[in-house]
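Below: target33.txt (compact mmCIF, C-alpha atoms and all ligand atoms)
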```
# COMPACT_ATOMS: atom_id res chain seq x y z
CA MET F 1 33.97 21.16 -37.38
CA LEU F 2 36.16 22.82 -40.01
CA ILE F 3 39.22 24.87 -39.19
CA ARG F 4 41.91 26.89 -40.93
CA ARG F 5 44.75 29.16 -39.85
CA CYS F 6 44.24 32.87 -39.33
CA ALA F 7 45.00 34.89 -42.46
CA VAL F 8 48.19 36.66 -41.32
CA LEU F 9 50.74 35.30 -38.89
CA PHE F 10 54.40 35.96 -38.14
CA LEU F 11 56.50 34.03 -35.66
CA GLU F 12 59.28 35.88 -33.88
CA PRO F 13 62.07 34.20 -31.90
CA ARG F 14 62.10 36.54 -28.90
CA GLU F 15 65.14 36.87 -26.66
CA ASP F 16 64.56 38.02 -23.09
CA LEU F 17 67.66 39.26 -21.31
CA ASP F 18 67.79 39.01 -17.58
CA ILE F 19 70.29 39.21 -14.73
CA ASP F 20 71.59 35.72 -14.07
CA TRP F 21 72.16 35.94 -10.29
CA THR F 22 73.87 32.55 -9.98
CA SER F 23 76.49 33.44 -12.60
CA LEU F 24 76.85 36.92 -11.12
CA PHE F 25 77.66 35.56 -7.65
CA ALA F 26 80.02 33.03 -9.23
CA GLY F 27 81.91 35.96 -10.73
CA GLU F 28 80.87 35.14 -14.31
CA GLY F 29 78.86 37.09 -16.94
CA ALA F 30 75.77 38.64 -15.38
CA LEU F 31 73.38 38.45 -18.34
CA GLY F 32 71.21 35.46 -19.07
CA ALA F 33 69.12 35.03 -22.21
CA THR F 34 65.88 33.09 -22.54
CA MET F 35 64.40 32.30 -25.94
CA ARG F 36 60.70 31.92 -26.72
CA TRP F 37 58.50 32.00 -29.82
CA VAL F 38 55.94 34.77 -30.09
CA ALA F 39 53.08 34.65 -32.60
CA LEU F 40 52.20 38.04 -34.10
CA ALA F 41 48.72 37.78 -35.61
CA PRO F 42 47.36 41.24 -36.49
CA HIS F 43 43.69 40.26 -36.17
CA LEU F 44 44.35 39.63 -32.45
CA GLY F 45 46.39 42.76 -31.84
CA GLU F 46 48.10 40.94 -28.97
CA GLU F 47 51.14 38.69 -28.89
CA VAL F 48 50.65 35.00 -28.15
CA GLU F 49 53.47 32.77 -26.97
CA VAL F 50 53.57 29.42 -28.81
CA THR F 51 55.37 26.10 -28.38
CA LEU F 52 57.30 24.19 -31.04
CA PRO F 53 54.53 21.59 -31.62
CA GLU F 54 52.01 24.43 -31.95
CA MET F 55 54.27 26.12 -34.49
CA ALA F 56 54.45 22.88 -36.45
CA ALA F 57 50.63 22.79 -36.53
CA LEU F 58 50.45 26.44 -37.62
CA GLY F 59 52.92 25.71 -40.42
CA ASP F 60 50.88 22.75 -41.60
CA ILE F 61 47.31 24.07 -41.44
CA GLY F 62 46.77 26.51 -44.31
CA PHE F 63 44.87 29.79 -44.15
CA THR F 64 42.81 29.42 -47.33
CA LEU F 65 41.11 26.02 -47.38
CA TRP F 66 38.97 24.80 -44.49
CA GLN F 67 40.03 21.40 -43.15
CA ASP F 68 38.41 18.83 -40.96
CA ARG F 69 39.37 19.41 -37.31
CA ALA F 70 39.65 15.67 -36.60
CA GLY F 71 42.30 15.25 -39.31
CA CYS F 72 44.34 18.15 -37.90
CA GLU F 73 44.05 16.69 -34.40
CA GLU F 74 45.34 13.37 -35.68
CA ARG F 75 48.40 15.02 -37.17
CA HIS F 76 49.14 17.52 -34.37
CA GLY F 77 47.35 16.35 -31.22
CA ALA F 78 43.94 17.44 -29.93
CA ASP F 79 45.44 19.56 -27.12
CA HIS F 80 47.55 21.64 -29.47
CA VAL F 81 44.69 22.23 -31.89
CA ALA F 82 42.36 23.15 -29.00
CA ARG F 83 44.89 25.60 -27.55
CA LEU F 84 45.47 27.27 -30.94
CA LEU F 85 41.70 27.63 -31.43
CA GLN F 86 41.41 29.12 -27.94
CA ALA F 87 44.20 31.59 -28.70
CA GLY F 88 42.57 32.62 -32.00
CA LEU F 89 45.51 31.49 -34.15
CA LEU F 90 43.38 28.75 -35.66
CA ILE F 91 39.89 29.74 -36.78
CA GLY F 92 36.90 27.41 -36.46
CA ASP F 93 33.53 27.48 -38.23
CA ASP F 94 31.51 26.51 -35.13
CA ALA F 95 28.58 28.96 -34.96
CA ASP F 96 27.79 28.03 -31.33
CA ASP F 97 31.22 28.95 -29.98
CA ALA F 98 31.06 32.68 -29.12
CA THR F 99 34.81 33.14 -28.55
CA GLY F 100 35.65 31.34 -31.76
CA ALA F 101 33.07 33.40 -33.64
CA ALA F 102 34.65 36.61 -32.34
CA PHE F 103 38.08 35.48 -33.60
CA ARG F 104 36.52 34.49 -36.94
CA GLU F 105 34.92 37.91 -37.27
CA ARG F 106 38.26 39.70 -36.63
CA ASP F 107 40.01 37.40 -39.11
CA GLU F 108 37.31 38.08 -41.73
CA THR F 109 37.67 41.82 -41.14
CA LEU F 110 41.41 41.61 -41.69
CA ARG F 111 40.94 39.55 -44.87
CA SER F 112 38.35 41.97 -46.25
CA GLN F 113 40.68 44.99 -46.02
CA HIS F 114 43.41 43.60 -48.36
CA TRP F 115 46.29 44.41 -46.01
CA ARG F 116 49.82 43.49 -47.03
CA PRO F 117 50.68 40.99 -44.25
CA LEU F 118 53.89 42.72 -43.08
CA SER F 119 52.13 46.08 -43.05
CA ALA F 120 49.24 44.73 -40.99
CA ALA F 121 51.71 43.38 -38.42
CA ALA F 122 53.72 46.64 -38.40
CA HIS F 123 50.57 48.65 -37.83
CA MET F 124 48.85 46.46 -35.26
CA PHE F 125 51.97 45.88 -33.16
CA SER F 126 53.24 49.45 -33.09
CA ARG F 127 50.14 50.90 -31.43
CA TRP F 128 50.23 52.27 -27.91
CA GLY F 129 47.51 52.12 -25.32
CA ASP F 130 47.66 54.12 -22.11
CA MET F 131 51.32 54.98 -22.67
CA ARG F 132 52.36 57.59 -20.14
CA VAL F 133 55.57 59.26 -19.09
CA ASP F 134 55.61 57.36 -15.80
CA LYS F 135 55.10 54.06 -17.67
CA GLY F 136 57.98 54.35 -20.09
CA MET F 137 57.20 57.13 -22.54
CA GLN F 138 60.24 59.32 -22.20
CA PHE F 139 61.11 62.60 -23.85
CA PRO F 140 64.88 62.92 -23.32
CA SER F 141 66.51 66.24 -24.12
CA PHE F 142 69.29 66.49 -26.71
CA GLU F 143 71.80 66.86 -23.86
CA GLU F 144 70.59 63.62 -22.25
CA LEU F 145 70.68 61.83 -25.60
CA VAL F 146 74.27 62.87 -26.22
CA VAL F 147 75.24 61.58 -22.77
CA SER F 148 73.57 58.22 -23.53
CA TYR F 149 74.43 57.73 -27.19
CA GLY F 150 77.29 60.12 -27.96
CA THR F 151 76.89 62.80 -30.60
CA PRO F 152 74.41 62.12 -33.41
CA PRO F 153 75.42 61.59 -37.05
CA GLY F 154 76.02 65.05 -38.59
CA PRO F 155 73.07 67.04 -39.97
CA ALA F 156 74.35 66.97 -43.59
CA ILE F 157 76.61 64.74 -45.66
CA GLU F 158 79.04 65.42 -48.51
CA ARG F 159 79.09 63.04 -51.48
CA CYS F 160 81.86 64.60 -53.53
CA ALA F 161 85.24 66.18 -53.00
CA ASP F 162 85.67 69.91 -52.30
CA GLY F 163 85.40 71.95 -55.49
CA GLN F 164 83.35 69.37 -57.38
CA ALA F 165 79.99 70.50 -56.02
CA ILE F 166 78.04 72.90 -58.27
CA MET F 167 77.31 75.91 -56.07
CA LEU F 168 73.78 77.26 -56.63
CA PRO F 169 72.73 80.91 -56.40
CA PRO F 170 70.76 81.90 -53.29
CA PRO F 171 66.99 81.60 -53.86
CA GLU F 172 64.99 84.72 -54.55
CA ARG F 173 62.29 85.59 -52.08
CA ALA F 174 58.78 84.60 -53.17
CA ARG F 175 55.25 84.69 -51.84
CA LEU F 176 55.31 81.37 -50.00
CA ASP F 177 58.36 82.44 -48.00
CA ASP F 178 56.49 84.43 -45.36
CA THR F 179 54.43 81.40 -44.39
CA LEU F 180 57.28 78.90 -44.71
CA PHE F 181 59.63 80.91 -42.52
CA GLN F 182 57.01 81.61 -39.86
CA ARG F 183 55.95 77.98 -39.50
CA TYR F 184 57.09 76.25 -36.36
CA THR F 185 55.92 73.51 -34.02
CA GLY F 186 54.07 75.19 -31.15
CA ARG F 187 54.59 73.83 -27.66
CA ASN F 188 53.30 76.79 -25.64
CA PHE F 189 49.62 77.28 -26.41
CA ASP F 190 47.35 79.84 -24.75
CA ALA F 191 45.16 77.72 -22.45
CA ALA F 192 42.34 80.27 -22.48
CA ALA F 193 42.19 81.30 -26.15
CA VAL F 194 39.18 80.24 -28.19
CA LEU F 195 39.63 79.33 -31.86
CA PRO F 196 37.25 81.52 -33.90
CA THR F 197 34.72 79.61 -36.03
CA ALA F 198 35.92 81.28 -39.23
CA THR F 199 39.53 80.21 -38.59
CA ALA F 200 38.57 76.63 -37.74
CA SER F 201 36.36 76.50 -40.82
CA ARG F 202 39.11 77.68 -43.19
CA LEU F 203 41.69 75.37 -41.64
CA LEU F 204 39.49 72.30 -41.93
CA GLN F 205 38.18 73.06 -45.41
CA ARG F 206 41.49 73.98 -46.99
CA ALA F 207 43.58 71.31 -45.23
CA PHE F 208 41.14 68.43 -45.36
CA GLY F 209 38.06 69.43 -47.33
CA SER F 210 37.07 68.56 -50.86
CA GLN F 211 37.62 71.16 -53.56
CA GLY F 212 35.69 69.13 -56.12
CA GLU F 213 34.49 65.65 -56.87
CA ARG F 214 35.28 63.68 -60.03
CA GLU F 215 33.76 60.43 -61.31
CA MET F 216 36.76 58.49 -62.68
CA ALA F 217 34.65 55.48 -63.75
CA PRO F 218 30.99 54.66 -63.17
CA ASP F 219 30.37 55.07 -59.42
CA ALA F 220 34.10 55.53 -58.72
CA PHE F 221 34.54 58.98 -57.19
CA VAL F 222 37.64 60.84 -56.09
CA LEU F 223 37.98 64.15 -54.31
CA LYS F 224 40.32 66.96 -55.26
CA LYS F 225 42.11 68.21 -52.17
CA LEU F 226 44.93 70.71 -51.67
CA SER F 227 47.48 68.03 -50.68
CA PRO F 228 48.66 65.10 -52.80
CA SER F 229 47.41 61.59 -52.07
CA ALA F 230 48.51 58.18 -53.40
CA GLY F 231 46.27 57.15 -56.29
CA GLY F 232 44.19 60.29 -55.68
CA LEU F 233 42.19 58.24 -53.20
CA HIS F 234 42.47 60.48 -50.10
CA PRO F 235 41.87 57.72 -47.55
CA THR F 236 42.76 59.85 -44.53
CA GLU F 237 39.75 60.64 -42.38
CA VAL F 238 39.84 63.61 -40.05
CA TYR F 239 38.52 63.39 -36.50
CA VAL F 240 38.33 66.52 -34.40
CA MET F 241 38.52 67.02 -30.68
CA ALA F 242 37.13 70.48 -29.99
CA GLN F 243 38.26 71.91 -26.67
CA ARG F 244 37.63 75.61 -27.25
CA VAL F 245 36.26 76.23 -30.73
CA GLU F 246 33.78 79.07 -31.06
CA GLY F 247 30.30 77.73 -31.83
CA VAL F 248 31.32 74.10 -31.41
CA ALA F 249 30.46 72.31 -28.15
CA PRO F 250 33.44 70.55 -26.53
CA GLY F 251 33.61 66.96 -27.70
CA LEU F 252 34.51 64.61 -30.51
CA TYR F 253 33.56 64.99 -34.15
CA HIS F 254 34.17 63.55 -37.60
CA TYR F 255 34.92 66.13 -40.27
CA HIS F 256 33.01 65.45 -43.48
CA PRO F 257 35.18 66.71 -46.36
CA VAL F 258 32.36 67.14 -48.87
CA ARG F 259 29.63 68.50 -46.62
CA HIS F 260 32.25 70.62 -44.82
CA ALA F 261 30.57 69.75 -41.56
CA LEU F 262 31.46 68.44 -38.13
CA GLU F 263 29.53 65.28 -37.37
CA PRO F 264 29.09 64.91 -33.58
CA LEU F 265 30.36 61.64 -32.11
CA ALA F 266 30.52 62.33 -28.37
CA ALA F 267 29.71 65.34 -26.21
CA MET F 268 32.22 66.06 -23.44
CA ASP F 269 32.87 68.66 -20.80
CA THR F 270 36.17 70.53 -20.83
CA ALA F 271 37.61 68.38 -18.02
CA GLN F 272 36.97 65.29 -20.15
CA THR F 273 38.50 66.79 -23.30
CA ALA F 274 41.55 67.89 -21.26
CA GLU F 275 41.97 64.37 -19.88
CA LEU F 276 41.57 62.78 -23.31
CA ALA F 277 43.96 65.32 -24.85
CA MET F 278 46.70 64.20 -22.43
CA ARG F 279 45.94 60.56 -23.12
CA MET F 280 45.90 61.04 -26.91
CA VAL F 281 49.39 62.53 -27.02
CA ALA F 282 50.88 60.22 -24.38
CA ASP F 283 51.29 62.88 -21.69
CA GLN F 284 52.95 65.50 -23.90
CA ASP F 285 51.44 68.27 -21.81
CA TRP F 286 52.93 70.97 -24.07
CA PHE F 287 50.32 70.11 -26.73
CA VAL F 288 47.17 69.72 -24.69
CA ASP F 289 46.18 73.40 -24.48
CA ALA F 290 45.62 73.53 -28.24
CA PRO F 291 41.92 74.40 -28.63
CA MET F 292 41.50 72.05 -31.59
CA MET F 293 43.19 68.68 -31.98
CA ILE F 294 42.92 66.53 -35.06
CA VAL F 295 43.34 62.79 -35.47
CA LEU F 296 44.49 61.65 -38.91
CA ALA F 297 43.22 58.10 -39.43
CA ALA F 298 43.59 56.30 -42.76
CA ARG F 299 40.54 54.36 -43.91
CA VAL F 300 42.78 51.62 -45.28
CA GLU F 301 40.10 49.97 -47.41
CA ARG F 302 39.92 53.07 -49.60
CA ASN F 303 43.63 52.86 -50.50
CA PHE F 304 43.85 49.05 -50.44
CA TRP F 305 40.88 48.86 -52.84
CA LYS F 306 43.40 49.81 -55.54
CA TYR F 307 46.69 48.87 -53.86
CA ARG F 308 45.57 45.51 -52.49
CA ASN F 309 48.16 43.42 -50.72
CA HIS F 310 50.63 45.97 -52.08
CA ALA F 311 54.20 46.40 -50.82
CA LYS F 312 54.03 50.23 -50.98
CA ALA F 313 50.49 50.89 -49.77
CA TYR F 314 51.26 51.25 -46.04
CA ARG F 315 54.09 53.67 -46.83
CA ALA F 316 51.71 55.69 -48.99
CA LEU F 317 49.24 55.99 -46.11
CA LEU F 318 51.94 57.41 -43.85
CA LEU F 319 53.08 59.85 -46.54
CA ASP F 320 49.50 60.99 -47.17
CA ALA F 321 49.08 61.91 -43.50
CA GLY F 322 52.42 63.75 -43.56
CA HIS F 323 51.31 65.88 -46.48
CA LEU F 324 48.02 66.73 -44.80
CA SER F 325 49.76 67.75 -41.62
CA GLN F 326 52.14 70.06 -43.47
CA THR F 327 49.25 71.74 -45.28
CA PHE F 328 47.55 72.12 -41.90
CA TYR F 329 50.73 73.64 -40.41
CA LEU F 330 50.96 76.18 -43.24
CA LEU F 331 47.30 77.18 -42.96
CA ALA F 332 47.65 77.61 -39.19
CA THR F 333 50.78 79.71 -39.76
CA GLU F 334 48.94 81.88 -42.26
CA ALA F 335 46.25 82.40 -39.60
CA GLY F 336 48.93 83.57 -37.16
CA MET F 337 49.10 80.37 -35.09
CA PRO F 338 51.63 77.65 -34.44
CA ALA F 339 50.61 74.05 -35.07
CA PHE F 340 51.96 70.63 -34.18
CA VAL F 341 52.00 67.05 -35.37
CA THR F 342 52.97 64.02 -33.33
CA ALA F 343 53.21 60.31 -33.95
CA ALA F 344 53.78 59.63 -30.24
CA VAL F 345 50.11 58.93 -29.66
CA ASN F 346 48.02 56.38 -27.81
CA GLU F 347 46.26 54.84 -30.80
CA VAL F 348 44.29 52.37 -28.67
CA ASP F 349 42.77 55.15 -26.53
CA ILE F 350 42.02 57.23 -29.62
CA GLU F 351 40.32 54.27 -31.33
CA ARG F 352 38.19 53.70 -28.24
CA ALA F 353 37.19 57.35 -27.91
CA PHE F 354 36.28 57.85 -31.59
CA GLY F 355 34.90 54.34 -32.21
CA LEU F 356 37.57 53.24 -34.72
CA ASP F 357 38.52 49.68 -35.67
CA PRO F 358 42.34 49.48 -36.01
CA LEU F 359 42.07 46.86 -38.75
CA LYS F 360 40.08 49.36 -40.82
CA ASP F 361 40.96 52.81 -39.48
CA MET F 362 44.67 53.33 -39.03
CA VAL F 363 45.43 56.16 -36.62
CA VAL F 364 48.61 57.74 -37.99
CA ALA F 365 49.11 61.04 -36.19
CA VAL F 366 47.58 63.81 -34.13
CA CYS F 367 47.80 67.47 -35.13
CA GLY F 368 46.60 70.60 -33.44
CA CYS F 369 46.90 74.35 -33.46
CA GLY F 370 46.10 77.38 -31.37
CA MET F 371 47.25 80.80 -30.30
CA ALA F 372 50.71 80.98 -28.74
CA SER F 373 50.75 81.92 -25.05
CA GLY F 374 53.95 83.94 -25.44
CA ALA F 375 55.70 81.82 -22.80
CA GLN F 376 58.67 79.58 -23.60
CA ASP F 377 58.08 76.83 -21.04
CA THR F 378 58.80 74.15 -23.62
CA VAL F 379 61.39 74.51 -26.35
CA GLU F 380 60.31 75.66 -29.82
CA MET F 381 62.39 76.08 -32.94
CA ARG F 382 61.40 79.31 -34.61
CA TYR F 383 63.33 80.62 -37.59
CA GLU F 384 65.89 83.20 -36.51
CA PRO F 385 67.25 85.35 -39.36
C1 LIG K 401 56.34 62.67 -37.80
C2 LIG K 401 56.60 63.73 -36.77
C3 LIG K 401 56.45 63.39 -35.44
C4 LIG K 401 56.65 64.36 -34.46
N1 LIG K 401 56.46 64.02 -33.15
C5 LIG K 401 56.63 64.95 -32.20
C6 LIG K 401 56.42 64.62 -30.83
O1 LIG K 401 56.07 63.50 -30.49
N2 LIG K 401 56.58 65.58 -29.89
C7 LIG K 401 56.96 66.86 -30.23
O2 LIG K 401 57.08 67.69 -29.33
N3 LIG K 401 57.17 67.19 -31.54
C8 LIG K 401 57.02 66.28 -32.51
N4 LIG K 401 57.23 66.62 -33.82
C9 LIG K 401 57.66 67.98 -34.17
C10 LIG K 401 59.16 68.01 -34.40
O3 LIG K 401 59.83 67.87 -33.18
C11 LIG K 401 59.52 69.34 -35.08
O4 LIG K 401 58.97 69.37 -36.36
C12 LIG K 401 61.03 69.53 -35.17
O5 LIG K 401 61.60 69.67 -33.91
C13 LIG K 401 61.39 70.75 -36.01
O6 LIG K 401 60.81 71.92 -35.47
P1 LIG K 401 59.83 72.85 -36.31
O7 LIG K 401 58.65 72.02 -36.72
O8 LIG K 401 59.43 73.94 -35.36
O9 LIG K 401 60.58 73.35 -37.49
C14 LIG K 401 57.03 65.69 -34.82
C15 LIG K 401 57.17 66.01 -36.18
C16 LIG K 401 56.96 65.05 -37.15
C17 LIG K 401 57.09 65.42 -38.60
```

Go ahead and render the structure in this file as structure tokens.
Ligand SMILES: Cc1cc2nc3c(=O)[nH]c(=O)nc-3n(C[C@H](O)[C@H](O)[C@H](O)COP(=O)(O)O)c2cc1C
Amino acid sequence: MLIRRCAVLFLEPREDLDIDWTSLFAGEGALGATMRWVALAPHLGEEVEVTLPEMAALGDIGFTLWQDRAGCEERHGADHVARLLQAGLLIGDDADDATGAAFRERDETLRSQHWRPLSAAAHMFSRWGDMRVDKGMQFPSFEELVVSYGTPPGPAIERCADGQAIMLPPPERARLDDTLFQRYTGRNFDAAAVLPTATASRLLQRAFGSQGEREMAPDAFVLKKLSPSAGGLHPTEVYVMAQRVEGVAPGLYHYHPVRHALEPLAAMDTAQTAELAMRMVADQDWFVDAPMMIVLAARVERNFWKYRNHAKAYRALLLDAGHLSQTFYLLATEAGMPAFVTAAVNEVDIERAFGLDPLKDMVVAVCGCGMASGAQDTVEMRYEP
């Protein structure tokens, strides 16, 4: 049997702090610290604790060339090699071993996407699954934050002495102002309002749709959209959860930017969409009455095709989604509605619902929009002249 190490692996010395009861009762310091090594391998998506001899084996067995298992066992011990294979940190070529084959498949998927190793780890280990308010997702108010952390750093900084700054004239009003000043993050949506088809159609097409296709080289196509995108590649896919959209049955869809069409993925009743809405935004109940919610998920392969193993590629994917969400905000504002964007989302639940592979489809954010209810149950920050 041949083996090699998984493609991407980071080892973190983890410190666990605990109350040391013996010291506490002896009148000494109450905190005790335990150290352990944690392996972060993005193809697994889960942390694995490792021992020092296992770390030595992982540092010795390379991730490119396949090696004979027997030789590795001789150097590092059969038990350690077996345990690392079982944990998926070493990859074997044994076709009859189903667990090993599953690890190999995940490792191959990771390799095929051209992730930058640090970015893959950042992405895979910052996802939430089933995060809820009662499990640790907290939304402290500003007042509570100030009590805990003191006042925040000021909202603006000065980099030169008084009198040295060049004072600029006030800007003249222009056409974009009406929309810019009306935009705000909505947190009080009308739970009964239905989003008209025409409004949903314009929002989706202008925010996420293609305005033209160009062949940059033989069989290499890019889309022109109304937001910028790194390399012009537009890797961000748009998934829609329709709760109350006129002419669209409640459920999950993929928005096709060229066909300008919603591709059905799963039919749901309104109780199911309401439950999933809560889960998607980690219990932020102020968002869940939005009739249309949108998942922005980067198809990493599209960007990494050009920016392979690239230090800036992950950053570009996040920026791309930010631009799309702002365009979406402005279009919703123009249509007389507030919108929202949130990164506090349960990626794992979203991936499961929409059938996305986190090594290929990176859920970045969730947006939504809808009519305002007129209530102010949750704080909003509208522009006040
Ligand atoms: C990346 C990002 C993440 C955000 N996440 C949340 C969130 O989790 N919950 C929330 O209520 N608002 C969220 N917001 C909205 C901000 O709180 C909001 O933009 C900010 O308070 C300013 O208000 P305004 O958008 O009305 O001007 C997010 C905004 C951005 C850009």

Residue nearest ligand LIG 401 (chain K) - candidates F:Gln326, F:Gln243, F:Thr197, F:Thr236, atoms counted: only C-alpha atoms and all ligand atoms | F:Gln326

Please extract the residues at most 9 Å from ligand LIG 401 (chain K), counting all atoms listed in the file, and provide them as an MDAnalysis selection string, using the chain letters and residue numbers of this document.
-> chainID F and resid 139 183:187 281:282 284 286:287 322 325:326 329 338:345 365:366 378:383

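Distances from F:Leu223, F:Leu204, F:Leu11, F:Ala98 to F:Leu118 were compared using all atoms listed in the file, and the smallest one belongs to F:Leu11.
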
Neighbour residues at most 12 Å from (35.4, 61.9, -57.3) (all atoms listed in the file) as a PDB file with C-alpha atoms, in the frame of the given file:
```pdb
ATOM      1  CA  SER F 210      37.070  68.560 -50.860  1.00  0.00           C
ATOM      2  CA  GLN F 211      37.620  71.160 -53.560  1.00  0.00           C
ATOM      3  CA  GLY F 212      35.690  69.130 -56.120  1.00  0.00           C
ATOM      4  CA  GLU F 213      34.490  65.650 -56.870  1.00  0.00           C
ATOM      5  CA  ARG F 214      35.280  63.680 -60.030  1.00  0.00           C
ATOM      6  CA  GLU F 215      33.760  60.430 -61.310  1.00  0.00           C
ATOM      7  CA  MET F 216      36.760  58.490 -62.680  1.00  0.00           C
ATOM      8  CA  ALA F 217      34.650  55.480 -63.750  1.00  0.00           C
ATOM      9  CA  PRO F 218      30.990  54.660 -63.170  1.00  0.00           C
ATOM     10  CA  ASP F 219      30.370  55.070 -59.420  1.00  0.00           C
ATOM     11  CA  ALA F 220      34.100  55.530 -58.720  1.00  0.00           C
ATOM     12  CA  PHE F 221      34.540  58.980 -57.190  1.00  0.00           C
ATOM     13  CA  VAL F 222      37.640  60.840 -56.090  1.00  0.00           C
ATOM     14  CA  LEU F 223      37.980  64.150 -54.310  1.00  0.00           C
ATOM     15  CA  LYS F 224      40.320  66.960 -55.260  1.00  0.00           C
ATOM     16  CA  LYS F 225      42.110  68.210 -52.170  1.00  0.00           C
ATOM     17  CA  GLY F 231      46.270  57.150 -56.290  1.00  0.00           C
ATOM     18  CA  GLY F 232      44.190  60.290 -55.680  1.00  0.00           C
ATOM     19  CA  LEU F 233      42.190  58.240 -53.200  1.00  0.00           C
ATOM     20  CA  HIS F 234      42.470  60.480 -50.100  1.00  0.00           C
ATOM     21  CA  PRO F 257      35.180  66.710 -46.360  1.00  0.00           C
ATOM     22  CA  VAL F 258      32.360  67.140 -48.870  1.00  0.00           C
TER      23      VAL F 258
END
```

What does the distance from atom CA of F:Met55 to atom CA of F:Phe125 come to in Å, to one decimal?
-> 19.9 Å

Taking only C-alpha atoms into account, produce a table as a Markdown table in which each residue of stretch 313-380 of chain F with an atom at most 12 Å from an atom of stretch 39-50 of chain F appears once, together with its shortest atom pair and the distance in Å to one decimal, ordered by chain and rising number.
```
| residue | atom | partner | partner_atom | distance |
| --- | --- | --- | --- | --- |
| F:Val348 | CA | F:Gly45 | CA | 10.3 |
| F:Asp357 | CA | F:His43 | CA | 10.8 |
| F:Pro358 | CA | F:Gly45 | CA | 8.9 |
| F:Leu359 | CA | F:His43 | CA | 7.3 |
| F:Lys360 | CA | F:His43 | CA | 10.8 |
```

Export C-alpha atoms of the chosen residues as a PDB file, in the coordinates of the input?
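This is the output file out32.pdb:
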```pdb
ATOM      1  CA  VAL F 348      44.290  52.370 -28.670  1.00  0.00           C
ATOM      2  CA  ASP F 357      38.520  49.680 -35.670  1.00  0.00           C
ATOM      3  CA  PRO F 358      42.340  49.480 -36.010  1.00  0.00           C
ATOM      4  CA  LEU F 359      42.070  46.860 -38.750  1.00  0.00           C
ATOM      5  CA  LYS F 360      40.080  49.360 -40.820  1.00  0.00           C
TER       6      LYS F 360
END
```

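The environment of F:Asp283 within 8 Å, counting all atoms listed in the file and disregarding residues fewer than 6 places along the same chain, consists of F:Met131, F:Arg132, F:Val133.
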
Taking the partial coordinates given, rebuild stretch 126-135 of chain F to contain N, CA, C and O atoms; return it as a compact mmCIF listing (two decimals), keeping the file's coordinate frame.
```txt
# COMPACT_ATOMS: atom_id res chain seq x y z
N SER F 126 52.50 48.23 -33.46
CA SER F 126 53.24 49.45 -33.09
C SER F 126 52.31 50.44 -32.41
O SER F 126 52.66 51.60 -32.22
N ARG F 127 51.09 49.99 -32.10
CA ARG F 127 50.14 50.90 -31.43
C ARG F 127 50.41 50.94 -29.93
O ARG F 127 50.83 49.95 -29.35
N TRP F 128 50.14 52.12 -29.36
CA TRP F 128 50.23 52.27 -27.91
C TRP F 128 48.84 52.38 -27.32
O TRP F 128 47.94 52.94 -27.95
N GLY F 129 48.71 51.88 -26.11
CA GLY F 129 47.51 52.12 -25.32
C GLY F 129 47.94 52.54 -23.94
O GLY F 129 48.81 51.90 -23.35
N ASP F 130 47.38 53.64 -23.46
CA ASP F 130 47.66 54.12 -22.11
C ASP F 130 49.15 54.31 -21.85
O ASP F 130 49.63 54.05 -20.75
N MET F 131 49.89 54.70 -22.87
CA MET F 131 51.32 54.98 -22.67
C MET F 131 51.45 56.34 -21.98
O MET F 131 50.86 57.33 -22.41
N ARG F 132 52.18 56.35 -20.91
CA ARG F 132 52.36 57.59 -20.14
C ARG F 132 53.82 57.76 -19.75
O ARG F 132 54.56 56.78 -19.73
N VAL F 133 54.17 58.98 -19.43
CA VAL F 133 55.57 59.26 -19.09
C VAL F 133 56.03 58.34 -17.98
O VAL F 133 57.10 57.74 -18.05
N ASP F 134 55.17 58.17 -16.95
CA ASP F 134 55.61 57.36 -15.80
C ASP F 134 55.60 55.86 -16.12
O ASP F 134 56.03 55.05 -15.32
N LYS F 135 55.10 55.48 -17.32
CA LYS F 135 55.10 54.06 -17.67
C LYS F 135 56.15 53.72 -18.73
O LYS F 135 56.16 52.63 -19.25
```
